[in-house]
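A.B. asks: File name upload_25.tsv; file contents TSV, C-alpha atoms; full text below.
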```tsv
chain	number	residue	atom	x	y	z
A	1	MET	CA	-17.81	-7.94	-4.02
A	2	SER	CA	-16.84	-10.39	-1.25
A	3	GLU	CA	-15.24	-10.52	2.15
A	4	LEU	CA	-11.50	-11.02	2.46
A	5	PRO	CA	-10.05	-14.16	4.06
A	6	LEU	CA	-8.98	-13.45	7.66
A	7	LEU	CA	-5.93	-15.41	8.80
A	8	HIS	CA	-5.02	-15.66	12.49
A	9	LEU	CA	-1.29	-16.37	12.37
A	10	GLN	CA	0.46	-17.97	15.33
A	11	GLY	CA	3.88	-19.23	16.34
A	12	SER	CA	7.33	-18.31	15.05
A	13	PRO	CA	7.77	-16.09	11.98
A	14	TYR	CA	8.47	-19.20	9.89
A	15	ARG	CA	5.34	-20.99	11.17
A	16	GLN	CA	3.26	-17.87	10.48
A	17	GLY	CA	4.60	-17.90	6.94
A	18	VAL	CA	3.71	-21.56	6.48
A	19	GLN	CA	0.13	-20.85	7.62
A	20	HIS	CA	-0.06	-17.89	5.22
A	21	GLY	CA	1.24	-20.01	2.35
A	22	ARG	CA	-1.04	-22.98	2.96
A	23	GLN	CA	-4.24	-20.99	3.48
A	24	LEU	CA	-3.64	-18.70	0.49
A	25	LYS	CA	-1.97	-21.19	-1.83
A	26	ASP	CA	-4.16	-20.54	-4.88
A	27	GLN	CA	-4.22	-16.77	-4.34
A	28	ILE	CA	-0.42	-16.65	-4.11
A	29	ALA	CA	-0.06	-18.59	-7.37
A	30	ASN	CA	-2.43	-16.11	-9.01
A	31	ASN	CA	-0.51	-13.07	-7.74
A	32	ILE	CA	2.82	-14.45	-8.96
A	33	GLU	CA	1.33	-14.94	-12.41
A	34	VAL	CA	-0.22	-11.47	-12.48
A	35	TYR	CA	2.88	-9.63	-11.28
A	36	ARG	CA	5.25	-11.57	-13.48
A	37	SER	CA	3.07	-10.64	-16.45
A	38	ARG	CA	2.93	-6.96	-15.44
A	39	MET	CA	6.70	-6.78	-14.96
A	40	LEU	CA	7.44	-8.39	-18.32
A	41	THR	CA	4.91	-6.06	-19.95
A	42	SER	CA	6.78	-3.13	-18.40
A	43	GLY	CA	9.92	-4.02	-20.36
A	44	LEU	CA	11.86	-6.34	-18.07
A	45	LYS	CA	13.30	-9.55	-19.54
A	46	GLU	CA	13.10	-12.88	-17.72
A	47	ASP	CA	16.79	-12.86	-16.81
A	48	GLN	CA	16.58	-9.28	-15.53
A	49	LEU	CA	13.54	-10.12	-13.42
A	50	ALA	CA	15.32	-13.13	-11.90
A	51	GLU	CA	18.43	-11.07	-11.20
A	52	ARG	CA	16.50	-8.25	-9.54
A	53	SER	CA	14.35	-10.66	-7.49
A	54	GLN	CA	17.55	-12.37	-6.30
A	55	ARG	CA	19.03	-9.01	-5.32
A	56	TYR	CA	15.92	-8.18	-3.25
A	57	LEU	CA	15.94	-11.60	-1.63
A	58	GLY	CA	19.38	-10.64	-0.39
A	59	GLN	CA	18.03	-7.30	0.84
A	60	PHE	CA	15.28	-8.97	2.90
A	61	THR	CA	17.80	-11.50	4.26
A	62	GLY	CA	20.26	-8.83	5.32
A	63	LYS	CA	17.76	-6.35	6.72
A	64	ASP	CA	15.45	-8.54	8.83
A	65	ALA	CA	15.85	-12.24	9.70
A	66	ALA	CA	12.25	-12.54	10.97
A	67	TYR	CA	10.77	-11.14	7.76
A	68	ARG	CA	12.96	-13.46	5.69
A	69	ALA	CA	11.75	-16.39	7.85
A	70	ILE	CA	8.14	-15.48	7.05
A	71	MET	CA	9.01	-15.48	3.35
A	72	ASP	CA	10.64	-18.92	3.70
A	73	GLY	CA	7.47	-20.19	5.37
A	74	ILE	CA	5.22	-18.73	2.67
A	75	ALA	CA	7.30	-20.48	0.00
A	76	GLU	CA	7.13	-23.78	1.89
A	77	GLY	CA	3.40	-23.55	2.62
A	78	SER	CA	2.39	-22.47	-0.88
A	79	GLY	CA	4.77	-24.72	-2.80
A	80	GLN	CA	6.16	-21.73	-4.70
A	81	ALA	CA	9.81	-20.95	-5.42
A	82	LEU	CA	11.41	-18.63	-2.88
A	83	LEU	CA	12.53	-16.33	-5.69
A	84	ASP	CA	8.89	-15.85	-6.73
A	85	ILE	CA	7.96	-14.99	-3.14
A	86	ALA	CA	10.79	-12.43	-3.21
A	87	LEU	CA	9.30	-11.04	-6.45
A	88	LEU	CA	5.96	-10.48	-4.67
A	89	ASN	CA	7.54	-8.89	-1.60
A	90	ALA	CA	9.68	-6.57	-3.73
A	91	ARG	CA	6.98	-5.85	-6.28
A	92	TYR	CA	6.78	-2.17	-5.23
A	93	GLU	CA	10.40	-1.45	-6.13
A	94	LEU	CA	10.55	-3.86	-9.09
A	95	LEU	CA	7.42	-2.59	-10.82
A	96	TYR	CA	7.72	1.14	-10.14
A	97	SER	CA	11.37	1.24	-11.15
A	98	ALA	CA	10.67	-0.73	-14.34
A	99	TRP	CA	7.95	1.74	-15.35
A	100	SER	CA	10.40	4.57	-14.85
A	101	GLU	CA	13.31	2.79	-16.55
A	102	PHE	CA	11.54	1.57	-19.68
A	103	GLY	CA	8.82	4.22	-20.02
A	104	LYS	CA	6.02	1.74	-20.52
A	105	PRO	CA	3.25	1.43	-19.95
A	106	THR	CA	2.73	5.13	-20.39
A	107	ALA	CA	1.66	7.25	-17.43
A	108	GLU	CA	-1.66	7.95	-19.12
A	109	SER	CA	-2.50	4.25	-19.28
A	110	ILE	CA	-2.13	3.70	-15.52
A	111	ARG	CA	-4.99	5.58	-13.91
A	112	SER	CA	-4.64	3.83	-10.59
A	113	GLU	CA	-3.12	4.56	-7.21
A	114	CYS	CA	-4.58	5.66	-3.91
A	115	THR	CA	-6.33	8.42	-2.00
A	116	SER	CA	-5.59	8.52	1.76
A	117	PHE	CA	-7.04	10.62	4.57
A	118	GLY	CA	-6.93	10.91	8.35
A	119	GLY	CA	-7.16	13.14	11.37
A	120	ARG	CA	-7.67	13.53	15.08
A	121	ASP	CA	-11.11	14.79	16.13
A	122	ALA	CA	-11.99	15.51	12.49
A	123	PHE	CA	-14.62	12.77	12.40
A	124	GLU	CA	-17.84	12.37	14.32
A	125	GLY	CA	-17.24	10.10	17.30
A	126	GLY	CA	-13.85	11.69	17.92
A	127	GLY	CA	-10.52	9.98	18.25
A	128	VAL	CA	-8.05	9.26	15.46
A	129	GLN	CA	-9.34	7.82	12.22
A	130	LEU	CA	-7.71	7.27	8.85
A	131	GLY	CA	-8.24	5.29	5.68
A	132	GLN	CA	-7.91	5.14	1.96
A	133	ASN	CA	-9.11	3.87	-1.38
A	134	TRP	CA	-6.34	1.50	-2.51
A	135	ASP	CA	-6.53	1.56	-6.32
A	136	TRP	CA	-4.62	-1.14	-8.14
A	137	PHE	CA	-4.72	-3.81	-10.84
A	138	THR	CA	-7.80	-5.95	-11.23
A	139	GLY	CA	-7.20	-9.62	-10.54
A	140	ILE	CA	-4.93	-9.20	-7.50
A	141	GLU	CA	-5.86	-11.42	-4.53
A	142	GLY	CA	-5.72	-10.09	-0.97
A	143	ALA	CA	-6.30	-11.12	2.64
A	144	LEU	CA	-6.44	-9.78	6.19
A	145	LEU	CA	-3.74	-11.00	8.56
A	146	GLN	CA	-3.84	-10.89	12.36
A	147	TRP	CA	-0.78	-11.75	14.48
A	148	LYS	CA	0.99	-10.79	17.69
A	149	SER	CA	4.31	-8.93	17.89
A	150	GLY	CA	5.30	-9.21	21.53
A	151	GLU	CA	2.25	-7.96	23.43
A	152	THR	CA	0.91	-6.03	20.42
A	153	THR	CA	-1.84	-7.44	18.19
A	154	VAL	CA	-1.70	-6.37	14.54
A	155	LEU	CA	-4.54	-6.48	11.99
A	156	GLY	CA	-3.77	-5.54	8.42
A	157	PHE	CA	-4.36	-6.03	4.72
A	158	THR	CA	-1.83	-7.72	2.47
A	159	GLU	CA	-1.61	-9.05	-1.03
A	160	ALA	CA	-1.45	-12.85	-0.92
A	161	GLY	CA	2.20	-13.89	-0.68
A	162	VAL	CA	3.46	-10.59	0.77
A	163	ALA	CA	4.77	-11.25	4.28
A	164	GLY	CA	3.96	-7.89	5.82
A	165	ALA	CA	0.63	-6.06	5.88
A	166	LYS	CA	0.59	-2.54	4.43
A	167	ILE	CA	-2.77	-1.06	5.50
A	168	GLY	CA	-3.97	-1.68	9.04
A	169	LEU	CA	-3.85	-0.95	12.76
A	170	ASN	CA	-2.63	-2.44	16.02
A	171	SER	CA	-3.55	-2.68	19.69
A	172	ALA	CA	-0.96	0.00	20.58
A	173	GLY	CA	-3.13	2.51	18.71
A	174	ILE	CA	-1.00	2.76	15.56
A	175	GLY	CA	-2.54	2.82	12.07
A	176	LEU	CA	-1.11	2.92	8.55
A	177	CYS	CA	-2.20	3.70	5.00
A	178	VAL	CA	0.06	4.11	1.95
A	179	ASN	CA	0.42	5.99	-1.34
A	180	GLY	CA	2.74	5.22	-4.22
A	181	LEU	CA	5.05	8.09	-5.17
A	182	GLY	CA	7.65	8.45	-7.89
A	183	ALA	CA	10.72	10.64	-8.41
A	184	SER	CA	13.52	10.73	-10.96
A	185	ALA	CA	16.01	9.94	-8.18
A	186	ASP	CA	14.41	6.52	-7.50
A	187	ASP	CA	16.90	3.67	-7.97
A	188	TRP	CA	15.95	0.02	-7.38
A	189	LYS	CA	19.66	-0.84	-7.00
A	190	ALA	CA	20.08	1.26	-3.86
A	191	ASP	CA	20.73	-0.65	-0.64
A	192	SER	CA	17.79	0.20	1.64
A	193	VAL	CA	14.84	-1.28	3.54
A	194	PRO	CA	12.23	-2.45	0.98
A	195	PHE	CA	8.74	-0.93	1.05
A	196	HIS	CA	6.83	-3.96	2.38
A	197	LEU	CA	9.39	-4.62	5.11
A	198	ARG	CA	9.00	-0.98	6.12
A	199	THR	CA	5.17	-1.22	6.36
A	200	TRP	CA	5.48	-4.46	8.39
A	201	ARG	CA	7.72	-2.67	10.87
A	202	ILE	CA	5.46	0.39	11.07
A	203	LEU	CA	2.43	-1.77	11.87
A	204	GLN	CA	4.32	-3.45	14.72
A	205	SER	CA	5.34	-0.12	16.24
A	206	THR	CA	4.22	0.77	19.76
A	207	SER	CA	4.59	4.56	19.51
A	208	PHE	CA	3.99	7.34	16.99
A	209	GLU	CA	7.66	8.29	17.03
A	210	GLN	CA	8.75	4.73	16.29
A	211	ALA	CA	6.28	4.37	13.43
A	212	VAL	CA	7.37	7.63	11.80
A	213	GLY	CA	10.99	6.62	12.33
A	214	TYR	CA	10.50	3.39	10.41
A	215	ALA	CA	8.91	5.38	7.59
A	216	VAL	CA	11.74	7.89	7.17
A	217	ALA	CA	14.92	5.92	7.88
A	218	PRO	CA	16.95	4.83	6.15
A	219	ARG	CA	16.29	6.71	2.92
A	220	PRO	CA	14.36	4.41	0.55
A	221	ALA	CA	15.39	3.20	-2.89
A	222	CYS	CA	12.00	4.23	-4.30
A	223	SER	CA	9.75	7.08	-3.16
A	224	ALA	CA	6.60	6.36	-1.15
A	225	ASN	CA	4.14	7.99	1.20
A	226	PHE	CA	3.24	6.51	4.59
A	227	PHE	CA	0.08	7.87	6.24
A	228	VAL	CA	0.60	7.18	9.94
A	229	GLY	CA	-1.90	7.60	12.75
A	230	SER	CA	-1.61	7.19	16.52
A	231	VAL	CA	-4.17	7.53	19.31
A	232	ASP	CA	-1.47	9.26	21.37
A	233	GLY	CA	0.50	11.15	18.72
A	234	GLY	CA	-2.09	12.20	16.14
A	235	VAL	CA	-1.73	11.94	12.37
A	236	ALA	CA	1.09	12.58	9.91
A	237	THR	CA	1.64	11.89	6.24
A	238	VAL	CA	5.28	10.96	5.59
A	239	GLU	CA	6.67	11.62	2.12
A	240	THR	CA	9.90	9.69	1.51
A	241	SER	CA	12.41	9.70	-1.34
A	242	PRO	CA	16.08	8.86	-1.97
A	243	LEU	CA	16.74	12.60	-1.55
A	244	GLY	CA	15.16	12.83	1.89
A	245	SER	CA	11.82	12.74	3.70
A	246	ARG	CA	9.19	15.21	4.86
A	247	VAL	CA	6.73	14.68	7.71
A	248	ILE	CA	3.49	16.67	7.39
A	249	TYR	CA	1.46	16.80	10.62
A	250	GLN	CA	-2.22	17.62	10.93
A	251	ASP	CA	-2.28	21.20	12.20
A	252	THR	CA	-5.90	22.20	11.59
A	253	ALA	CA	-9.32	20.78	12.42
A	254	GLU	CA	-9.62	19.45	8.85
A	255	PRO	CA	-8.36	15.95	7.97
A	256	LEU	CA	-5.09	15.50	6.13
A	257	VAL	CA	-5.39	14.09	2.59
A	258	HIS	CA	-2.72	12.59	0.34
A	259	ALA	CA	-2.72	11.03	-3.13
A	260	ASN	CA	0.18	10.19	-5.46
A	261	HIS	CA	2.22	13.35	-5.77
A	262	PHE	CA	4.59	15.13	-3.40
A	263	ARG	CA	2.60	17.99	-1.89
A	264	THR	CA	5.62	20.34	-2.06
A	265	PRO	CA	8.24	18.61	-4.25
A	266	GLU	CA	10.58	21.58	-4.07
A	267	ALA	CA	10.92	21.05	-0.31
A	268	LEU	CA	12.87	17.86	-1.04
A	269	GLY	CA	14.22	18.79	-4.44
A	270	VAL	CA	12.45	15.87	-6.14
A	271	HIS	CA	11.52	15.83	-9.81
A	272	GLN	CA	8.30	13.97	-10.69
A	273	SER	CA	8.94	13.34	-14.36
A	274	TRP	CA	6.04	10.91	-14.65
A	275	LEU	CA	3.58	13.77	-14.09
A	276	GLU	CA	4.81	15.64	-17.20
A	277	SER	CA	2.75	13.44	-19.55
A	278	GLY	CA	-0.53	14.89	-18.34
A	279	ARG	CA	-1.45	12.53	-15.54
A	280	VAL	CA	-3.97	14.52	-13.51
A	281	SER	CA	-5.81	11.84	-11.53
A	282	THR	CA	-3.70	12.35	-8.40
A	283	TYR	CA	-4.43	16.10	-8.26
A	284	HIS	CA	-8.14	15.63	-8.92
A	285	ARG	CA	-8.56	12.95	-6.25
A	286	CYS	CA	-6.62	14.88	-3.64
A	287	GLU	CA	-8.52	18.13	-4.17
A	288	ARG	CA	-11.88	16.38	-4.41
A	289	MET	CA	-11.35	14.46	-1.16
A	290	GLU	CA	-10.30	17.64	0.64
A	291	THR	CA	-13.51	19.30	-0.56
A	292	LEU	CA	-15.71	16.41	0.55
A	293	LEU	CA	-14.16	15.94	4.02
A	294	ASP	CA	-15.38	19.07	5.76
A	295	ALA	CA	-14.96	18.45	9.50
A	296	PRO	CA	-16.62	17.12	11.50
A	297	VAL	CA	-17.12	14.20	9.11
A	298	SER	CA	-19.77	11.54	9.81
A	299	ALA	CA	-19.17	7.92	8.86
A	300	GLU	CA	-21.94	8.26	6.27
A	301	ASP	CA	-20.31	11.31	4.68
A	302	LEU	CA	-16.89	9.66	4.75
A	303	HIS	CA	-18.12	6.52	3.02
A	304	ALA	CA	-19.99	8.66	0.49
A	305	ALA	CA	-16.73	10.48	-0.27
A	306	MET	CA	-14.96	7.17	-0.79
A	307	ARG	CA	-17.73	6.26	-3.27
A	308	ASP	CA	-17.47	9.54	-5.16
A	309	HIS	CA	-17.45	9.28	-8.98
A	310	GLU	CA	-16.89	12.90	-10.00
A	311	GLY	CA	-14.22	12.88	-12.68
A	312	GLY	CA	-15.25	9.58	-14.22
A	313	ALA	CA	-12.14	7.53	-15.03
A	314	ILE	CA	-10.00	9.59	-12.61
A	315	ALA	CA	-12.51	9.67	-9.75
A	316	ILE	CA	-11.87	8.73	-6.11
A	317	CYS	CA	-13.93	5.55	-6.57
A	318	ARG	CA	-12.24	3.81	-9.50
A	319	HIS	CA	-13.59	1.32	-12.02
A	320	PRO	CA	-11.87	-0.44	-14.94
A	321	VAL	CA	-11.76	1.52	-18.20
A	322	GLU	CA	-12.83	-1.02	-20.80
A	323	THR	CA	-10.83	0.63	-23.58
A	324	ASP	CA	-7.57	0.13	-21.63
A	325	PRO	CA	-5.57	-3.06	-22.34
A	326	ALA	CA	-6.82	-5.83	-20.05
A	327	GLU	CA	-3.44	-6.18	-18.33
A	328	LEU	CA	-3.44	-2.47	-17.40
A	329	GLN	CA	-7.00	-2.14	-16.11
A	330	THR	CA	-7.29	-0.90	-12.55
A	331	HIS	CA	-9.99	-0.26	-9.97
A	332	THR	CA	-10.48	0.51	-6.29
A	333	ALA	CA	-9.41	-2.89	-5.03
A	334	LEU	CA	-9.83	-2.04	-1.33
A	335	ALA	CA	-11.56	0.74	0.57
A	336	ALA	CA	-10.37	0.90	4.20
A	337	HIS	CA	-11.64	3.02	7.10
A	338	LEU	CA	-9.61	2.58	10.29
A	339	GLU	CA	-10.91	3.66	13.72
A	340	LEU	CA	-7.80	3.52	15.89
A	341	ASP	CA	-9.33	4.25	19.30
A	342	ALA	CA	-12.00	1.58	18.77
A	343	GLY	CA	-9.61	-0.89	17.10
A	344	ARG	CA	-11.91	-1.33	14.11
A	345	PHE	CA	-10.94	-2.09	10.49
A	346	ASN	CA	-13.87	-1.30	8.17
A	347	TYR	CA	-13.47	-2.26	4.52
A	348	THR	CA	-14.94	-3.18	1.17
A	349	TRP	CA	-13.13	-5.59	-1.12
A	350	GLY	CA	-13.67	-3.97	-4.48
A	351	PRO	CA	-15.10	-0.51	-5.25
A	352	PRO	CA	-16.96	0.80	-2.17
A	353	CYS	CA	-19.96	1.81	-4.28
A	354	GLU	CA	-20.68	-1.88	-4.89
A	355	SER	CA	-21.07	-3.08	-1.29
A	356	GLU	CA	-21.49	-2.11	2.35
A	357	PHE	CA	-18.49	-1.93	4.65
A	358	THR	CA	-17.49	-5.05	6.60
A	359	THR	CA	-16.06	-4.50	10.10
A	360	VAL	CA	-13.30	-6.56	11.73
A	361	SER	CA	-12.11	-5.68	15.25
A	362	LEU	CA	-8.85	-6.33	17.05
```
Before anything else, please render the file you have as structure tokens.

C.D. replies:
Amino acid sequence: MSELPLLHLQGSPYRQGVQHGRQLKDQIANNIEVYRSRMLTSGLKEDQLAERSQRYLGQFTGKDAAYRAIMDGIAEGSGQALLDIALLNARYELLYSAWSEFGKPTAESIRSECTSFGGRDAFEGGGVQLGQNWDWFTGIEGALLQWKSGETTVLGFTEAGVAGAKIGLNSAGIGLCVNGLGASADDWKADSVPFHLRTWRILQSTSFEQAVGYAVAPRPACSANFFVGSVDGGVATVETSPLGSRVIYQDTAEPLVHANHFRTPEALGVHQSWLESGRVSTYHRCERMETLLDAPVSAEDLHAAMRDHEGGAIAICRHPVETDPAELQTHTALAAHLELDAGRFNYTWGPPCESEFTTVSL
């Protein structure tokens, strides 16, 4: 569809936030409007949304002063209210918990989410590679951010207005992809490190152990999966929930694959009530990607798998379903292929079947 803006952020966390806010001013305004609409559609009232955003602003303030400073800078640079920037940065917890709490939109009407993969020496060219199709609402604006954390350079994707990147890699050889998960034990009111603060920390990690540690501790308020790669440590998919976490390491020549369900929910004692309404996309995409990624996988075969349409509306490569309400239509918003040893971020902005991959290097 088009290339993403690439922002080279410099200076203090606050100054980096100001640069983010100024350069993505229109995109941030758009994302606030889209997410506010989605949250109200989910059943939240205006006063509830303000109260919950205020609570998460306090969480960011208490958990990480640097992250909060970036948020302050984004608000200043974009001219948006700080509470709306908090809404964007806490959108994972606010939106997922509202869907669970109010039961709308129905699980069947949200055919989105993500399919992640990765492995060491599972791909032609060797080394550690990972990636994903990030499926989400149409109309969301994104960008690539590059910044330095100490001596480590980070390159990652974010939604405009979100301080921390969530899909990316760094010069220490760490990479990250993500999958949304849900469990009945999820509770937005729990005092924990929010999702986007967690991904920001993971992408600034300098070791595999540190990255996995940021994923699992402390226990999150809302379930999530973090697909972590390291040129030194290998690949692991980290399932987290309020009941505990499970780290699944690559132990065969085949790549690991993860979608939007716990691979062994009984191992953590989680109950995925949202799957009871017949939502089968996550199982189809996971099984289909495992079938397509038969090691060793060439870049051509990998990109073909990311463009796969078997299953139609629930395929790996997602497109809007025109019969769905406009505010609930989803697609593959980003396809990312990360080559950690080479420091390359390959991506398409929009469904990968519609364009060739663009490459950005550290």

A.B. asks: Quick one: residues within 8 Å of Ala224 in chain A, only C-alpha atoms, excluding same-chain residues fewer than 6 positions away - as a PyMOL selection string?

C.D. replies: chain A and resi 178-182+195+239-241

A.B. asks: Find, counting only C-alpha atoms, the residue in A:Gly62, A:Gly161, A:Gly269, A:Pro351 that gets nearest to Gly142 in chain A.

C.D. replies: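 Between A:Gly62, A:Gly161, A:Gly269, A:Pro351, the residue approaching Gly142 in chain A most closely is A:Gly161.
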
A.B. asks: At a cut-off of 10 Å around the point (17.7, -5.8, -3.8) (file coordinates), what residues fall inside when counting all atoms listed in the file? I'd like the answer as a ChimeraX atom specification.

C.D. replies: /A:51-62,86,90,93-94,188-194,221

A.B. asks: For the residues in the current selection, export C-alpha atoms as a short mmCIF file (atom, residue, chain, number, x, y, z; two decimals), in the coordinates of the input.

C.D. replies:
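As written to disk, result37.cif reads:
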```cif
data_model
loop_
_atom_site.label_atom_id
_atom_site.label_comp_id
_atom_site.auth_asym_id
_atom_site.auth_seq_id
_atom_site.Cartn_x
_atom_site.Cartn_y
_atom_site.Cartn_z
CA GLU A 51 18.43 -11.07 -11.20
CA ARG A 52 16.50 -8.25 -9.54
CA SER A 53 14.35 -10.66 -7.49
CA GLN A 54 17.55 -12.37 -6.30
CA ARG A 55 19.03 -9.01 -5.32
CA TYR A 56 15.92 -8.18 -3.25
CA LEU A 57 15.94 -11.60 -1.63
CA GLY A 58 19.38 -10.64 -0.39
CA GLN A 59 18.03 -7.30 0.84
CA PHE A 60 15.28 -8.97 2.90
CA THR A 61 17.80 -11.50 4.26
CA GLY A 62 20.26 -8.83 5.32
CA ALA A 86 10.79 -12.43 -3.21
CA ALA A 90 9.68 -6.57 -3.73
CA GLU A 93 10.40 -1.45 -6.13
CA LEU A 94 10.55 -3.86 -9.09
CA TRP A 188 15.95 0.02 -7.38
CA LYS A 189 19.66 -0.84 -7.00
CA ALA A 190 20.08 1.26 -3.86
CA ASP A 191 20.73 -0.65 -0.64
CA SER A 192 17.79 0.20 1.64
CA VAL A 193 14.84 -1.28 3.54
CA PRO A 194 12.23 -2.45 0.98
CA ALA A 221 15.39 3.20 -2.89
#
```

A.B. asks: Excluding Glu339 in chain A and any residue of its chain fewer than 2 positions from it, enumerate the residues within 10 Å of it, using only C-alpha atoms, and give them as a ChimeraX atom specification.

C.D. replies: /A:118,123,125-131,168-169,173,175,229,231,336-337,341-346,361

A.B. asks: Create the file for the chosen residues now, containing C-alpha atoms and written as a tab-separated table (two decimals), keeping the file's coordinate frame.

C.D. replies:
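Contents of again26.tsv, as written:
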```tsv
chain	number	residue	atom	x	y	z
A	118	GLY	CA	-6.93	10.91	8.35
A	123	PHE	CA	-14.62	12.77	12.40
A	125	GLY	CA	-17.24	10.10	17.30
A	126	GLY	CA	-13.85	11.69	17.92
A	127	GLY	CA	-10.52	9.98	18.25
A	128	VAL	CA	-8.05	9.26	15.46
A	129	GLN	CA	-9.34	7.82	12.22
A	130	LEU	CA	-7.71	7.27	8.85
A	131	GLY	CA	-8.24	5.29	5.68
A	168	GLY	CA	-3.97	-1.68	9.04
A	169	LEU	CA	-3.85	-0.95	12.76
A	173	GLY	CA	-3.13	2.51	18.71
A	175	GLY	CA	-2.54	2.82	12.07
A	229	GLY	CA	-1.90	7.60	12.75
A	231	VAL	CA	-4.17	7.53	19.31
A	336	ALA	CA	-10.37	0.90	4.20
A	337	HIS	CA	-11.64	3.02	7.10
A	341	ASP	CA	-9.33	4.25	19.30
A	342	ALA	CA	-12.00	1.58	18.77
A	343	GLY	CA	-9.61	-0.89	17.10
A	344	ARG	CA	-11.91	-1.33	14.11
A	345	PHE	CA	-10.94	-2.09	10.49
A	346	ASN	CA	-13.87	-1.30	8.17
A	361	SER	CA	-12.11	-5.68	15.25
```

A.B. asks: Grab the CA of Gln19 in chain A to CA of Leu362 in chain A distance for me, in Å with one decimal place.

C.D. replies: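 Those two atoms sit 19.5 Å apart.
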
A.B. asks: For a test of reading the model, state the distance in Å between CA of Gln210 in chain A and CA of Leu334 in chain A, rounded to one decimal.

C.D. replies: 26.5 Å

A.B. asks: Compile the contact shell of Gly73 in chain A as a PyMOL selection string: residues with an atom at most 6 Å away, counting all atoms listed in the file, same-chain residues fewer than 5 positions apart removed.

C.D. replies: chain A and resi 14+17-18

A.B. asks: Pick out the residues sitting within 7 Å of range 280-283 of chain A, and hand them over as a list in words; count all atoms listed in the file, and ignore anything fewer than 3 positions along from it in its own chain.

C.D. replies: Arg111, Ala259, Asn260, His261, Cys286, Glu287 and Ile314 of chain A

A.B. asks: Which value, in Å to one decimal, gives the distance between CA of Leu88 in chain A and CA of Thr199 in chain A?

C.D. replies: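 Taking CA of Leu88 in chain A as the start and CA of Thr199 in chain A as the end point, the length is 14.4 Å.
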
A.B. asks: Could you tell me which of A:Pro320, A:Gly21, A:Pro242, A:Gly164 comes closest to Gln146 in chain A if we count all atoms listed in the file?

C.D. replies: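 Of A:Pro320, A:Gly21, A:Pro242, A:Gly164, the one nearest Gln146 in chain A is A:Gly164, counting all atoms listed in the file.
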
A.B. asks: Looking at A:Phe262, A:Tyr347, A:Phe157, A:Trp99, which one is nearest to Glu141 in chain A, with distances taken over only C-alpha atoms?

C.D. replies: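 Among the listed residues, the smallest separation from Glu141 in chain A belongs to A:Phe157.
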
A.B. asks: Enumerate, as a list in words, the protein, DNA and RNA residues whose atoms approach (-6.8, 18.9, 7.0) to within 10 Å, taking into account all atoms listed in the file and the coordinate frame of the file.

C.D. replies: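 The residues near that point, listed by chain and number, are Phe117, Gly118, Gly119, Arg120, Ala122, Tyr249, Gln250, Asp251, Thr252, Ala253, Glu254, Pro255, Leu256, Val257, Glu290, Leu293, Asp294 and Ala295 of chain A.
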
A.B. asks: Applying 10 Å and only C-alpha atoms, which residues near Ala267 in chain A remain after dropping the ones on its own chain fewer than 2 positions away? List them as a ChimeraX atom specification.

C.D. replies: /A:244-246,262-265,269-270

A.B. asks: Would you mind telling me which residue in A:Leu83, A:Cys114, A:Leu4, A:Ile167 lies nearest to Arg318 in chain A when using all atoms listed in the file?

C.D. replies: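 Counting all atoms listed in the file, the residue closest to Arg318 in chain A is A:Cys114.
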
A.B. asks: Identify which of the residues A:Ser116, A:Gly139, A:Leu340, A:Thr152 lies closest to Thr237 in chain A, counting only C-alpha atoms when measuring atom-to-atom distances.

C.D. replies: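 For Thr237 in chain A, the nearest of the candidates is A:Ser116.
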
A.B. asks: Please determine, counting all atoms listed in the file, which residue among A:Phe137, A:Leu7, A:Asn30, A:Ala163 has the shortest atom-to-atom distance to Ala66 in chain A.

C.D. replies: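 Once distances to Ala66 in chain A are computed over all atoms listed in the file, the minimum belongs to A:Ala163.
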